[in-house]
Structure formats: structure tokens, C-alpha cells
$ cat query_16.csv   # CSV, C-alpha atoms and all ligand atoms
chain,number,residue,atom,x,y,z
A,1,MET,CA,-1.9,-1.2,49.0
A,2,ALA,CA,-1.1,0.4,52.4
A,3,ALA,CA,-3.6,-0.6,55.0
A,4,ARG,CA,-5.5,2.3,56.6
A,5,VAL,CA,-4.0,3.2,60.0
A,6,SER,CA,-6.5,2.5,62.8
A,7,ALA,CA,-7.9,5.3,64.9
A,8,ALA,CA,-6.0,4.1,68.0
A,9,ASP,CA,-2.6,4.3,66.1
A,10,GLY,CA,-3.4,7.8,64.9
A,11,ALA,CA,-4.3,9.1,68.3
A,12,ALA,CA,-0.9,8.1,69.7
A,13,ALA,CA,1.0,9.8,66.9
A,14,VAL,CA,-0.8,13.1,66.7
A,15,PRO,CA,0.6,15.5,69.4
A,16,GLY,CA,-2.4,16.7,71.3
A,17,GLY,CA,-4.5,15.5,68.5
A,18,ALA,CA,-6.5,12.6,69.9
A,19,ALA,CA,-9.1,14.8,71.5
A,20,ALA,CA,-8.7,17.7,69.1
A,21,ALA,CA,-9.3,15.5,66.1
A,22,VAL,CA,-12.6,14.2,67.5
A,23,SER,CA,-15.4,16.1,65.8
A,24,ALA,CA,-18.8,16.4,67.4
A,25,ALA,CA,-20.1,14.2,64.6
A,26,GLY,CA,-17.5,11.4,65.1
A,27,GLY,CA,-14.6,11.1,62.7
A,28,GLU,CA,-12.1,10.1,65.5
A,29,ALA,CA,-8.5,10.8,64.7
A,30,SER,CA,-9.2,11.6,61.1
A,31,VAL,CA,-6.1,13.0,59.4
A,32,PHE,CA,-8.4,14.8,56.9
A,33,LEU,CA,-10.4,16.6,59.6
A,34,ALA,CA,-7.2,17.4,61.5
A,35,ALA,CA,-5.6,18.9,58.3
A,36,CYS,CA,-8.8,21.0,57.7
A,37,ARG,CA,-8.2,22.5,61.2
A,38,ARG,CA,-4.4,22.9,60.5
A,39,GLN,CA,-3.5,20.4,63.2
A,40,PRO,CA,-0.4,18.2,62.8
A,41,VAL,CA,-1.1,14.8,61.1
A,42,ARG,CA,0.8,11.5,60.8
A,43,HIS,CA,0.6,11.6,57.0
A,44,ARG,CA,-0.8,14.0,54.5
A,45,PRO,CA,-4.5,13.2,53.9
A,46,ILE,CA,-5.6,12.5,50.3
A,47,TRP,CA,-8.9,12.2,48.6
A,48,ILE,CA,-9.7,12.8,44.9
A,49,MET,CA,-12.3,15.0,43.3
A,50,ARG,CA,-14.8,12.8,41.4
A,51,GLN,CA,-13.3,9.8,43.1
A,52,ALA,CA,-16.5,7.9,42.5
A,53,GLY,CA,-17.0,7.9,38.8
A,54,ARG,CA,-16.4,6.5,35.3
A,55,TYR,CA,-12.6,5.7,35.7
A,56,LEU,CA,-13.8,2.9,38.0
A,57,PRO,CA,-14.9,-0.3,36.2
A,58,GLU,CA,-17.4,-1.1,39.0
A,59,TYR,CA,-19.0,2.4,38.5
A,60,ARG,CA,-19.3,1.8,34.7
A,61,ALA,CA,-20.8,-1.6,35.4
A,62,LEU,CA,-23.5,0.0,37.5
A,63,ARG,CA,-24.1,2.8,35.0
A,64,GLU,CA,-24.8,0.2,32.3
A,65,LYS,CA,-27.9,-0.7,34.3
A,66,VAL,CA,-28.9,2.6,35.8
A,67,ASP,CA,-28.9,6.2,34.5
A,68,PHE,CA,-27.0,8.9,36.4
A,69,ALA,CA,-30.1,10.8,37.7
A,70,THR,CA,-31.6,7.5,39.1
A,71,LEU,CA,-28.2,6.7,40.7
A,72,THR,CA,-28.2,10.0,42.6
A,73,ARG,CA,-31.8,9.6,43.6
A,74,THR,CA,-31.6,6.0,45.0
A,75,PRO,CA,-29.9,6.1,48.4
A,76,GLU,CA,-28.8,2.4,48.4
A,77,LEU,CA,-27.1,2.9,45.0
A,78,ALA,CA,-25.7,6.4,45.7
A,79,ALA,CA,-24.2,5.0,48.9
A,80,GLU,CA,-22.7,2.1,47.1
A,81,VAL,CA,-21.1,4.3,44.5
A,82,THR,CA,-19.8,6.7,47.2
A,83,LEU,CA,-18.1,3.8,48.9
A,84,GLN,CA,-16.7,2.2,45.7
A,85,PRO,CA,-13.4,4.1,45.7
A,86,LEU,CA,-12.9,3.6,49.5
A,87,LYS,CA,-13.0,-0.2,48.9
A,88,ARG,CA,-10.1,0.1,46.4
A,89,PHE,CA,-7.9,2.8,47.9
A,90,ALA,CA,-6.9,3.9,51.4
A,91,LEU,CA,-8.5,7.4,50.8
A,92,ASP,CA,-8.8,9.6,53.9
A,93,ALA,CA,-12.3,11.0,53.1
A,94,ALA,CA,-15.4,10.0,51.2
A,95,ILE,CA,-17.5,12.5,49.3
A,96,LEU,CA,-21.2,12.2,48.8
A,97,PHE,CA,-22.1,10.8,45.3
A,98,SER,CA,-24.4,13.4,43.8
A,99,ASP,CA,-24.2,16.4,41.5
A,100,ILE,CA,-24.1,20.2,42.0
A,101,MET,CA,-27.4,20.3,40.0
A,102,THR,CA,-29.3,17.7,42.1
A,103,PRO,CA,-30.7,20.2,44.6
A,104,LEU,CA,-31.9,22.4,41.7
A,105,GLN,CA,-33.8,19.5,40.3
A,106,GLY,CA,-35.3,19.3,43.8
A,107,MET,CA,-36.4,22.9,43.3
A,108,GLY,CA,-38.2,21.9,40.2
A,109,VAL,CA,-35.6,22.8,37.6
A,110,GLU,CA,-35.9,20.3,34.8
A,111,LEU,CA,-32.6,19.0,33.5
A,112,ASP,CA,-30.9,16.1,31.7
A,113,PHE,CA,-27.5,14.6,32.4
A,114,VAL,CA,-25.9,13.9,29.0
A,115,PRO,CA,-23.5,13.3,30.9
A,116,ALA,CA,-23.0,17.0,31.8
A,117,PRO,CA,-26.2,18.7,33.1
A,118,VAL,CA,-28.4,20.5,30.6
A,119,VAL,CA,-31.2,22.8,31.8
A,120,ARG,CA,-34.3,22.5,29.6
A,121,ALA,CA,-35.5,26.1,30.2
A,122,PRO,CA,-32.5,28.3,31.1
A,123,ILE,CA,-33.3,31.1,33.5
A,124,ARG,CA,-33.0,34.5,32.0
A,125,SER,CA,-35.9,36.6,33.4
A,126,VAL,CA,-36.9,38.0,36.8
A,127,ALA,CA,-40.2,36.1,36.5
A,128,GLN,CA,-38.3,32.8,36.3
A,129,ILE,CA,-36.2,33.8,39.2
A,130,GLU,CA,-39.2,34.7,41.3
A,131,ALA,CA,-40.9,31.4,40.4
A,132,LEU,CA,-38.0,29.4,41.9
A,133,PRO,CA,-39.2,28.0,45.2
A,134,ALA,CA,-37.1,27.9,48.4
A,135,LEU,CA,-35.3,24.6,48.9
A,136,VAL,CA,-36.7,22.4,51.8
A,137,PRO,CA,-34.1,19.6,51.9
A,138,ALA,CA,-36.1,17.1,53.8
A,139,ARG,CA,-39.0,17.5,51.4
A,140,ASP,CA,-37.2,18.1,48.1
A,141,VAL,CA,-34.1,16.0,48.3
A,142,PRO,CA,-34.7,13.4,51.0
A,143,PHE,CA,-32.7,10.8,49.0
A,144,VAL,CA,-29.5,12.9,49.5
A,145,LEU,CA,-30.0,13.0,53.2
A,146,GLU,CA,-30.7,9.3,53.3
A,147,THR,CA,-27.6,8.6,51.2
A,148,LEU,CA,-25.5,10.4,53.8
A,149,ARG,CA,-26.9,8.4,56.6
A,150,LEU,CA,-26.3,5.1,54.8
A,151,VAL,CA,-22.7,6.1,53.9
A,152,ARG,CA,-21.9,7.0,57.5
A,153,ARG,CA,-22.9,3.6,58.6
A,154,GLY,CA,-20.6,2.0,56.0
A,155,LEU,CA,-17.5,4.1,56.7
A,156,PRO,CA,-14.7,3.3,59.1
A,157,ARG,CA,-14.7,5.8,62.0
A,158,ASP,CA,-11.5,7.5,60.9
A,159,VAL,CA,-12.8,8.2,57.4
A,160,PRO,CA,-15.1,11.2,57.4
A,161,LEU,CA,-17.8,12.0,54.9
A,162,ILE,CA,-17.8,15.3,52.9
A,163,GLY,CA,-21.0,16.9,51.8
A,164,PHE,CA,-21.0,19.4,49.0
A,165,ALA,CA,-22.9,21.9,46.9
A,166,GLY,CA,-22.2,24.1,44.0
A,167,ALA,CA,-21.3,27.7,44.9
A,168,PRO,CA,-24.1,30.2,44.0
A,169,PHE,CA,-22.2,31.8,41.0
A,170,THR,CA,-21.3,28.4,39.5
A,171,LEU,CA,-24.9,27.3,39.8
A,172,LEU,CA,-26.0,30.6,38.2
A,173,CYS,CA,-23.7,29.9,35.2
A,174,TYR,CA,-25.5,26.6,34.6
A,175,LEU,CA,-29.0,28.0,35.2
A,176,VAL,CA,-28.5,30.9,32.8
A,177,CYS,CA,-26.5,29.2,30.1
A,178,GLY,CA,-28.3,25.9,30.4
A,179,ARG,CA,-25.2,23.8,29.6
A,180,PRO,CA,-21.5,24.0,30.3
A,181,SER,CA,-19.6,26.1,27.8
A,182,LYS,CA,-16.1,27.5,27.4
A,183,GLU,CA,-17.0,31.1,27.7
A,184,PHE,CA,-20.4,30.9,29.5
A,185,ALA,CA,-21.3,34.0,27.5
A,186,ALA,CA,-25.0,34.1,28.4
A,187,ALA,CA,-24.1,34.0,32.1
A,188,ARG,CA,-21.5,36.6,31.9
A,189,THR,CA,-23.6,39.0,29.8
A,190,PHE,CA,-26.5,38.4,32.3
A,191,LEU,CA,-24.3,39.9,35.1
A,192,TYR,CA,-23.7,43.1,33.0
A,193,ALA,CA,-27.1,43.4,31.4
A,194,GLN,CA,-29.3,42.5,34.3
A,195,PRO,CA,-27.2,42.9,37.5
A,196,GLN,CA,-30.1,43.2,39.8
A,197,ALA,CA,-31.7,40.0,38.5
A,198,ALA,CA,-28.3,38.3,38.8
A,199,GLN,CA,-28.0,39.5,42.5
A,200,GLN,CA,-31.6,38.2,43.1
A,201,LEU,CA,-30.8,34.8,41.7
A,202,LEU,CA,-27.5,34.6,43.6
A,203,THR,CA,-29.1,35.5,46.9
A,204,HIS,CA,-31.8,32.9,46.3
A,205,LEU,CA,-29.1,30.2,45.5
A,206,ALA,CA,-27.0,31.3,48.4
A,207,GLU,CA,-29.9,30.7,50.8
A,208,ALA,CA,-30.9,27.5,49.2
A,209,MET,CA,-27.4,26.1,49.3
A,210,ALA,CA,-27.0,27.1,53.0
A,211,GLN,CA,-30.2,25.1,53.8
A,212,TYR,CA,-29.0,22.2,51.7
A,213,LEU,CA,-25.5,22.1,53.3
A,214,ALA,CA,-26.9,22.5,56.9
A,215,ALA,CA,-29.2,19.6,56.2
A,216,GLN,CA,-26.3,17.5,54.9
A,217,ALA,CA,-24.3,18.2,58.1
A,218,GLU,CA,-27.3,17.2,60.2
A,219,ALA,CA,-27.6,14.0,58.2
A,220,GLY,CA,-24.0,13.1,58.9
A,221,ALA,CA,-21.7,15.1,56.6
A,222,GLN,CA,-18.5,15.9,58.6
A,223,ALA,CA,-17.1,18.6,56.3
A,224,LEU,CA,-18.8,20.7,53.7
A,225,MET,CA,-17.4,21.8,50.4
A,226,LEU,CA,-18.6,24.5,48.0
A,227,PHE,CA,-17.5,24.1,44.3
A,228,GLU,CA,-16.8,27.3,42.5
A,229,SER,CA,-15.9,25.5,39.3
A,230,TRP,CA,-16.3,28.6,37.1
A,231,ALA,CA,-14.6,31.2,39.3
A,232,GLY,CA,-12.0,31.7,36.5
A,233,LEU,CA,-14.6,33.3,34.2
A,234,LEU,CA,-14.7,36.4,36.3
A,235,GLY,CA,-12.4,39.4,36.7
A,236,GLN,CA,-11.6,40.3,40.2
A,237,ARG,CA,-14.1,43.2,40.3
A,238,GLU,CA,-17.0,41.0,39.1
A,239,PHE,CA,-16.0,38.2,41.4
A,240,GLU,CA,-16.1,40.6,44.3
A,241,ARG,CA,-19.4,42.1,43.2
A,242,PHE,CA,-21.3,38.9,42.4
A,243,ALA,CA,-19.7,35.6,43.4
A,244,LEU,CA,-18.0,36.6,46.7
A,245,PRO,CA,-21.0,38.1,48.6
A,246,ALA,CA,-23.2,35.2,47.6
A,247,VAL,CA,-20.7,32.6,48.9
A,248,ARG,CA,-20.1,34.7,52.0
A,249,ARG,CA,-23.9,34.6,52.7
A,250,THR,CA,-23.9,30.8,52.4
A,251,VAL,CA,-20.8,30.3,54.7
A,252,ALA,CA,-22.2,32.7,57.3
A,253,ARG,CA,-25.2,30.5,57.7
A,254,LEU,CA,-23.0,27.4,58.0
A,255,ARG,CA,-20.6,28.4,60.8
A,256,SER,CA,-23.1,27.0,63.4
A,257,ALA,CA,-23.0,23.6,61.7
A,258,GLY,CA,-19.6,23.0,63.5
A,259,VAL,CA,-17.9,21.3,60.6
A,260,PRO,CA,-14.9,22.4,58.5
A,261,LEU,CA,-15.9,24.4,55.3
A,262,ILE,CA,-13.9,24.1,52.1
A,263,TYR,CA,-14.2,26.5,49.2
A,264,TYR,CA,-12.8,25.2,45.9
A,265,VAL,CA,-11.9,28.0,43.5
A,266,ASN,CA,-11.2,26.5,40.0
A,267,ASP,CA,-8.9,28.7,37.9
A,268,GLY,CA,-8.6,31.0,40.8
A,269,ALA,CA,-4.9,32.0,40.9
A,270,ALA,CA,-5.8,35.7,40.4
A,271,LEU,CA,-8.5,35.5,43.2
A,272,MET,CA,-6.4,34.1,46.1
A,273,SER,CA,-6.0,37.4,47.9
A,274,THR,CA,-9.8,38.0,47.5
A,275,VAL,CA,-10.8,34.6,48.9
A,276,ALA,CA,-8.3,34.8,51.7
A,277,GLY,CA,-10.7,36.8,53.8
A,278,LEU,CA,-13.6,34.3,53.4
A,279,ASP,CA,-14.6,32.6,56.7
A,280,VAL,CA,-13.8,29.1,55.5
A,281,ASP,CA,-11.3,26.6,56.9
A,282,VAL,CA,-9.8,25.3,53.6
A,283,ILE,CA,-9.3,26.8,50.1
A,284,GLY,CA,-9.3,24.2,47.2
A,285,VAL,CA,-6.7,25.2,44.6
A,286,ASP,CA,-6.5,24.1,41.0
A,287,TRP,CA,-3.2,22.8,39.4
A,288,ARG,CA,-2.3,26.1,37.7
A,289,LEU,CA,-1.0,27.8,40.9
A,290,ASP,CA,2.0,26.7,43.0
A,291,LEU,CA,0.7,25.7,46.4
A,292,GLY,CA,3.5,27.5,48.2
A,293,ALA,CA,2.4,30.7,46.5
A,294,ALA,CA,-1.2,30.0,47.4
A,295,ARG,CA,-0.3,29.5,51.0
A,296,ARG,CA,1.8,32.7,51.1
A,297,ILE,CA,-1.2,34.7,49.8
A,298,LEU,CA,-3.8,32.9,51.9
A,299,GLY,CA,-1.8,33.2,55.1
A,300,PRO,CA,-1.5,30.9,58.1
A,301,GLU,CA,-5.2,30.9,58.9
A,302,LYS,CA,-6.2,28.8,55.9
A,303,ALA,CA,-5.6,25.2,55.1
A,304,VAL,CA,-5.2,24.3,51.4
A,305,GLN,CA,-6.5,21.4,49.3
A,306,GLY,CA,-5.0,20.3,46.0
A,307,ASN,CA,-3.4,20.4,43.5
A,308,LEU,CA,-1.9,17.7,41.2
A,309,ASP,CA,-2.9,18.2,37.6
A,310,PRO,CA,-5.4,15.3,36.7
A,311,ALA,CA,-3.3,14.8,33.6
A,312,ALA,CA,-0.3,13.8,35.8
A,313,LEU,CA,-2.0,10.5,36.5
A,314,PHE,CA,-1.0,9.5,33.0
A,315,ALA,CA,2.7,9.8,33.7
A,316,PRO,CA,4.9,6.7,34.2
A,317,PRO,CA,4.9,5.6,37.9
A,318,GLU,CA,8.3,7.1,38.7
A,319,GLU,CA,7.3,10.4,37.1
A,320,LEU,CA,4.0,10.4,38.9
A,321,ARG,CA,5.8,10.1,42.2
A,322,ARG,CA,8.0,13.1,41.3
A,323,HIS,CA,5.0,15.2,40.4
A,324,ALA,CA,3.2,14.2,43.7
A,325,ASP,CA,6.4,15.1,45.6
A,326,ALA,CA,6.5,18.5,43.9
A,327,VAL,CA,2.9,19.2,45.2
A,328,LEU,CA,3.9,18.0,48.7
A,329,ASP,CA,7.1,20.1,48.7
A,330,ALA,CA,5.2,23.2,47.4
A,331,ALA,CA,2.7,22.8,50.2
A,332,GLY,CA,5.5,22.5,52.6
A,333,PRO,CA,5.7,20.9,56.1
A,334,ALA,CA,3.3,23.3,57.9
A,335,PRO,CA,0.1,21.6,59.0
A,336,GLY,CA,-3.0,22.3,56.8
A,337,HIS,CA,-2.5,20.5,53.5
A,338,ILE,CA,-5.0,18.0,52.1
A,339,PHE,CA,-3.6,16.3,48.9
A,340,ASN,CA,-6.1,16.2,46.0
A,341,LEU,CA,-6.1,16.8,42.3
A,342,GLY,CA,-6.4,20.3,41.0
A,343,HIS,CA,-9.8,19.3,39.4
A,344,GLY,CA,-11.9,16.2,38.9
A,345,ILE,CA,-10.2,12.9,37.8
A,346,TRP,CA,-10.6,12.1,34.1
A,347,PRO,CA,-12.8,9.2,33.1
A,348,ASP,CA,-9.9,7.4,31.2
A,349,THR,CA,-7.5,7.4,34.2
A,350,ASP,CA,-6.0,4.0,35.1
A,351,PRO,CA,-7.2,3.1,38.6
A,352,GLN,CA,-3.7,1.6,39.2
A,353,ALA,CA,-2.2,5.1,39.0
A,354,VAL,CA,-4.6,6.3,41.7
A,355,ALA,CA,-3.6,3.4,43.9
A,356,ARG,CA,0.1,4.3,43.4
A,357,LEU,CA,-0.6,8.0,44.1
A,358,VAL,CA,-2.5,7.3,47.4
A,359,ASP,CA,0.1,5.0,48.7
A,360,HIS,CA,3.0,7.3,47.8
A,361,VAL,CA,1.4,10.3,49.5
A,362,HIS,CA,0.8,8.2,52.6
A,363,GLU,CA,4.3,6.8,52.7
A,364,ARG,CA,6.0,10.2,52.6
A,365,ASP,CA,6.7,11.8,55.9
A,366,PRO,CA,4.8,15.0,56.0
A,367,GLY,CA,7.9,16.9,57.0
A,368,ALA,CA,10.3,15.2,54.6
B,401,LIG,O1,-16.3,13.9,43.7
B,401,LIG,C1,-17.1,12.9,43.7
B,401,LIG,O2,-16.7,11.7,43.5
B,401,LIG,C2,-18.6,13.1,44.0
B,401,LIG,C3,-19.4,13.2,42.9
B,401,LIG,C4,-19.6,14.5,42.0
B,401,LIG,C5,-20.1,14.4,40.8
B,401,LIG,N1,-20.3,15.7,40.3
B,401,LIG,C6,-20.5,13.2,40.0
B,401,LIG,C7,-20.7,13.2,38.6
B,401,LIG,C8,-19.3,15.8,42.4
B,401,LIG,C9,-18.7,16.4,43.6
B,401,LIG,C10,-19.8,16.6,41.3
B,401,LIG,C11,-19.8,18.0,41.3
B,401,LIG,C12,-19.9,18.7,40.0
B,401,LIG,N2,-20.8,18.5,39.0
B,401,LIG,C13,-19.2,19.9,39.6
B,401,LIG,C14,-18.3,20.6,40.5
B,401,LIG,C15,-16.9,19.9,40.4
B,401,LIG,C16,-16.1,20.2,39.2
B,401,LIG,O3,-15.9,19.3,38.5
B,401,LIG,O4,-15.8,21.4,39.0
B,401,LIG,C17,-19.7,20.3,38.3
B,401,LIG,C18,-19.1,21.5,37.6
B,401,LIG,C19,-20.7,19.4,37.9
B,401,LIG,C20,-21.4,19.4,36.7
B,401,LIG,C21,-21.3,18.2,35.9
B,401,LIG,N3,-22.0,17.0,36.3
B,401,LIG,C22,-20.5,17.9,34.8
B,401,LIG,C23,-19.7,19.0,34.1
B,401,LIG,C24,-20.7,16.6,34.4
B,401,LIG,C25,-20.2,15.8,33.3
B,401,LIG,C26,-18.8,15.4,33.8
B,401,LIG,C27,-18.1,14.6,32.8
B,401,LIG,O5,-17.0,14.1,33.3
B,401,LIG,O6,-18.5,14.3,31.7
B,401,LIG,C28,-21.6,16.0,35.4
B,401,LIG,C29,-22.1,14.6,35.5
B,401,LIG,C30,-21.4,13.8,36.5
B,401,LIG,N4,-21.4,14.2,37.9
B,401,LIG,C31,-20.8,12.5,36.4
B,401,LIG,C32,-20.4,12.2,37.7
B,401,LIG,C33,-19.7,10.9,38.1
B,401,LIG,C34,-20.7,11.7,35.1
B,401,LIG,C35,-22.1,11.1,35.0
B,401,LIG,C36,-22.1,9.8,34.3
B,401,LIG,O7,-21.9,8.7,35.0
B,401,LIG,O8,-22.4,9.7,33.1

$ encode --input "query_16.csv" --output "C-alpha cells"
Amino acid sequence: MAARVSAADGAAAVPGGAAAAVSAAGGEASVFLAACRRQPVRHRPIWIMRQAGRYLPEYRALREKVDFATLTRTPELAAEVTLQPLKRFALDAAILFSDIMTPLQGMGVELDFVPAPVVRAPIRSVAQIEALPALVPARDVPFVLETLRLVRRGLPRDVPLIGFAGAPFTLLCYLVCGRPSKEFAAARTFLYAQPQAAQQLLTHLAEAMAQYLAAQAEAGAQALMLFESWAGLLGQREFERFALPAVRRTVARLRSAGVPLIYYVNDGAALMSTVAGLDVDVIGVDWRLDLGAARRILGPEKAVQGNLDPAALFAPPEELRRHADAVLDAAGPAPGHIFNLGHGIWPDTDPQAVARLVDHVHERDPGA
């Protein structure tokens, strides 16, 4: 496995980058933070969605003893799990180990992880929406903030920590349907049958997630990511009417946090021109859309993150390298690409394939 390049090496290799890549919160010479800001980097940064999870034997060993909800609520354990993939692979960023539903639990929404989250009393009425309290992160989810502080202490200075939240519309899908589903019929009919209630819920969630993410930045998160995992459920008009204003509200509150913002739009090929105008630094792209096409639509003001199909990790080593090269080539040599999968890694993935992928991406010259 390639050793991680030290901060000093990186500073010498990045033109004008040594000072530029220093964030207010640390993260000296991080290739990940530089790429978020579309600055040149010595190699393409890579991290992997769900990099802490069941494909790692050490995660499964811990999960045999502790259930998922307890893991997320115990800072020492959540920090340990966050760091597990960093101990194995030369990843360029860590991501908080938690779940998009964790802050909603903090707001009193009762749910079970089986393993996907299931809401005991789905939200379908104005009365339920009005009963949802505001989120006060230090009071409602102190364990998340403590986890971030602990992880920061355990990370090398050139490996930043990403905080995250679910985007408002994606959280609405879970709250209204109660569980993941293919069509999310209850959530989509809610938008048409009760548009005002839907807007009210989205506004509430947008404010809550802004509070949540601002508190994460204050506790040490050096970049913030919003997961719009169910963007692909909506036509462009409904996306622009419901999902977009809500996420715009959240990001408007976060600009003052001074850290890069990433908006991941799953199944969002048809929405690229719509999200191009959003005031975020990076758009996360799923594997269905060619990254070159995404960059042409998004324009030079956005960095992109993605987008290898999680299934490609099951290819033989030589093939996997070719698929990774195809992603690197599609993104092109211009600064502002963070390598990732197009969606979360699958639990039956071989960790050796991840090691090969990380090393290959690092070994390739970004301009080659
Ligand atoms: O990326 C990371 O390593 C950080 C950890 C993380 C988890 N969930 C851990 C988790 C993150 C960023 C999430 C976000 C999340 N959670 C999203 C958005 C990202 C995406 O995938 O689109 C969504 C939609 C959820 C909801 C959720 N939580 C689902 C659908 C599931 C079941 C997942 C599965 O693979 O079966 C969960 C549970 C969950 N969240 C697990 C993990 C590691 C599995 C829990 C277990 O150990 O049993």
C-alpha cells in the first residue's frame, strides 16, 4: 500500500498551494480540500462513500457486540469506526460515522435500524410536522459533536474530516414513507396531495440540517456534505419546486462556516443543469452519468466527486484499473475532481479491491 504523502511533501508540489490549501480549521496541504476548491493537486484525492461499514471485518467484529444505534451514539466507538478505513487504506478524507437519520432521532423521531432506518410513526399530517421540535445540536446530538472532536485528534493533519447530513427532501422521503422503498410512493403523493405541508416540513428540515451542519463545522468538520440520495425520484419541475429551495436554504446558512460544501445528487443525470446554480463547491455524481458530461453541464465553477460504479469493485484487478482510469479520464485533467464511488460501497466488497483502487488512483498522474 502506498504510504500517505506528508504535508511537507505536498506543500512543495502544489503550485501556490501550500498556503491556499491551509483551511482555517487545519487540514494543511490536503489534496481533498484543494480539489474541493478546484486547486491543482499532486494526485487525485479519493475517499469512498460508506467507507466505514460492513465490508470491513473489523467493523463487523464490533457490530457483533454493539448495535448500530449504540455505535453512532457512543463517541469513542463512532470515532473508532470512522478511523477504521483510514488505518487500512491511504484515503484522502475521513467521513463521520453516523447516519442521515441520527439528527432526526435527536429531534424525537423514533426509529429502528434493521439495518436500514424504519420510522415507527411516519409523518403524514400538519399536526405531526408542527410537533417536530427545532434541532439544538449541543443538546440533542452531543455525541455526534464529541465524535468529531475525537476523530480530529486521531487524524493526520493532511487528512480532513467530512461532516454530513441528509438533504431535506431525502429526509422527507424517509419521514413520510417510514422506510426505504423503490418508488417512495407515500412521499411522492404527499408532495402532490399536501404541497403546503410538504413545504412546511422541508423548511423545518432545511433549518434543522443547517444548525446540525454548522455545529459539525464548529466541532471540527472541515467539509460538509449533503446527501440527496433520492433525487432521482423527482421530475425536474418537482425537484425545482420542493427539493432545490430547501437545499438552497440549508447551504445559504452554511456559507459563513468557511468550509467546502458538497451536494451529492444520486440518480441526478437529468438534474445537473438545475443543480449547477446551487452555491456549493462540489457536486457528487452517481455512476450513471459520464463525469465529462457532468463537468460540461456544471461549468468551471464546480468541482465534481465520483463516480465509479460500486459494482466495478467486483471486477478482476486489471479490469478494475481500467474502469478507474475511465473515471479519471472522463473527469479530465482540470483541477476539481475527487475520486469516489457513484454510491455507497456494497457490504460484500473485498477490502483488497479497495486497497488496489486507492493505490491505483494515487499512482496515476492527474494529468496523464
Ligand atoms: O460513508 C460513511 O462511511 C459514513 C457513514 C454513513 C452511514 N450512513 C453508515 C451506515 C453515511 C454517510 C450514511 C448516510 C446514509 N444513510 C444515507 C445517504 C447515503 C446513501 O447511501 O445514499 C442513506 C440513504 C442512509 C439511510 C440508511 N442507513 C440505509 C439505507 C441503511 C441500510 C444500508 C445498508 O447497506 O443496508 C442505513 C444503515 C447504515 N448506515 C449502515 C451503515 C454502516 C449499516 C448498519 C449496520 O451496520 O447494520

$ residues_near_ligand --input "query_16.csv" --ligand "ligand LIG 401 (chain B)" --cutoff "6 Å" --atoms "only C-alpha atoms and all ligand atoms" --output "list in words"
Met49, Arg50, Gln51, Ala52, Gly53, Arg54, Phe68, Ile95, Leu96, Phe97, Ser98, Asp99, Ile100, Pro115, Ala116, Pro117, Phe227, Ser229 and Gly344 of chain A

$ residues_around --input "query_16.csv" --residues "A:Ile162" --least-positions-apart "4" --cutoff "8 Å" --atoms "all atoms listed in the file" --output "list in words"
Ala93, Ala94, Ile95, Leu96, Ala221, Gln222, Ala223, Leu224 and Met225 of chain A

$ write_last_selection --input "query_16.csv" --atoms "C-alpha atoms" --output "short mmCIF file (atom, residue, chain, number, x, y, z; two decimals), in the frame of the given file"
data_model
loop_
_atom_site.label_atom_id
_atom_site.label_comp_id
_atom_site.auth_asym_id
_atom_site.auth_seq_id
_atom_site.Cartn_x
_atom_site.Cartn_y
_atom_site.Cartn_z
CA ALA A 93 -12.30 11.00 53.10
CA ALA A 94 -15.40 10.00 51.20
CA ILE A 95 -17.50 12.50 49.30
CA LEU A 96 -21.20 12.20 48.80
CA ALA A 221 -21.70 15.10 56.60
CA GLN A 222 -18.50 15.90 58.60
CA ALA A 223 -17.10 18.60 56.30
CA LEU A 224 -18.80 20.70 53.70
CA MET A 225 -17.40 21.80 50.40
#

$ residues_around --input "query_16.csv" --residues "A:Ala138" --least-positions-apart "4" --cutoff "10 Å" --atoms "all atoms listed in the file" --output "MDAnalysis selection string"
chainID A and resid 142:146 211:212 215:216

$ atom_distance --input "query_16.csv" --atom1 "atom CA of A:Glu58" --atom2 "atom CA of A:Thr72"
15.9 Å

$ atom_distance --input "query_16.csv" --atom1 "atom CA of A:Leu172" --atom2 "atom CA of A:Trp346"
24.4 Å

$ atom_distance --input "query_16.csv" --atom1 "atom CA of A:Ala197" --atom2 "atom CA of A:Ile129"
7.7 Å

$ closest_atom_pairs --input "query_16.csv" --of "stretch 312-349 of chain A" --to "stretch 293-304 of chain A" --cutoff "7 Å" --atoms "all atoms listed in the file" --output "tab-separated table"
residue	atom	partner	partner_atom	distance
A:Gly336	CA	A:Ala303	CA	4.2
A:His337	CA	A:Val304	CA	5.1
A:Ile338	CA	A:Val304	CA	6.3

$ residues_around --input "query_16.csv" --residues "A:Arg149" --least-positions-apart "4" --cutoff "8 Å" --atoms "all atoms listed in the file" --output "list of chain:residue names"
A:Leu145, A:Arg153, A:Ala219, A:Gly220

$ closest_atom_pairs --input "query_16.csv" --of "stretch 217-249 of chain A" --to "stretch 165-169 of chain A" --cutoff "9 Å" --atoms "all atoms listed in the file" --output "tab-separated table"
residue	atom	partner	partner_atom	distance
A:Leu224	CA	A:Ala165	CA	8.0
A:Met225	CA	A:Ala165	CA	6.5
A:Leu226	CA	A:Ala165	CA	5.1
A:Phe227	CA	A:Gly166	CA	4.7
A:Glu228	CA	A:Ala167	CA	5.1
A:Ser229	CA	A:Gly166	CA	8.0
A:Trp230	CA	A:Phe169	CA	7.8
A:Ala231	CA	A:Phe169	CA	7.8
A:Phe239	CA	A:Phe169	CA	8.9
A:Phe242	CA	A:Phe169	CA	7.3
A:Ala243	CA	A:Phe169	CA	5.1
A:Leu244	CA	A:Phe169	CA	8.6
A:Ala246	CA	A:Pro168	CA	6.2
A:Val247	CA	A:Ala167	CA	6.4

$ residues_around --input "query_16.csv" --residues "stretch 182-187 of chain A" --least-positions-apart "5" --cutoff "10 Å" --atoms "all atoms listed in the file" --output "list in words"
Pro122, Ile123, Arg124, Phe169, Thr170, Leu172, Cys173, Tyr174, Leu175, Val176, Cys177, Tyr192, Ala193, Ala198, Trp230 and Leu233 of chain A

$ closest_residue --input "query_16.csv" --among "A:His343, A:Pro316, A:Pro245, A:Pro310" --to "A:Val285" --atoms "all atoms listed in the file"
A:His343

$ residues_around --input "query_16.csv" --residues "A:Arg248" --least-positions-apart "6" --cutoff "9 Å" --atoms "only C-alpha atoms" --output "list in words"
Ala206, Leu278 and Asp279 of chain A

$ closest_residue --input "query_16.csv" --among "A:Asn266, A:Tyr55, A:Asp158, A:Leu132" --to "A:Thr349" --atoms "only C-alpha atoms"
A:Tyr55

$ closest_residue --input "query_16.csv" --among "A:Ala29, A:Leu148, A:Leu328, A:Ala69" --to "A:Gly306" --atoms "only C-alpha atoms"
A:Leu328

$ closest_residue --input "query_16.csv" --among "A:Arg249, A:Arg152, A:His323, A:Arg73" --to "A:His204" --atoms "only C-alpha atoms"
A:Arg249

$ closest_residue --input "query_16.csv" --among "A:Leu308, A:Leu77, A:Leu201, A:Ala331" --to "A:Ala131" --atoms "all atoms listed in the file"
A:Leu201
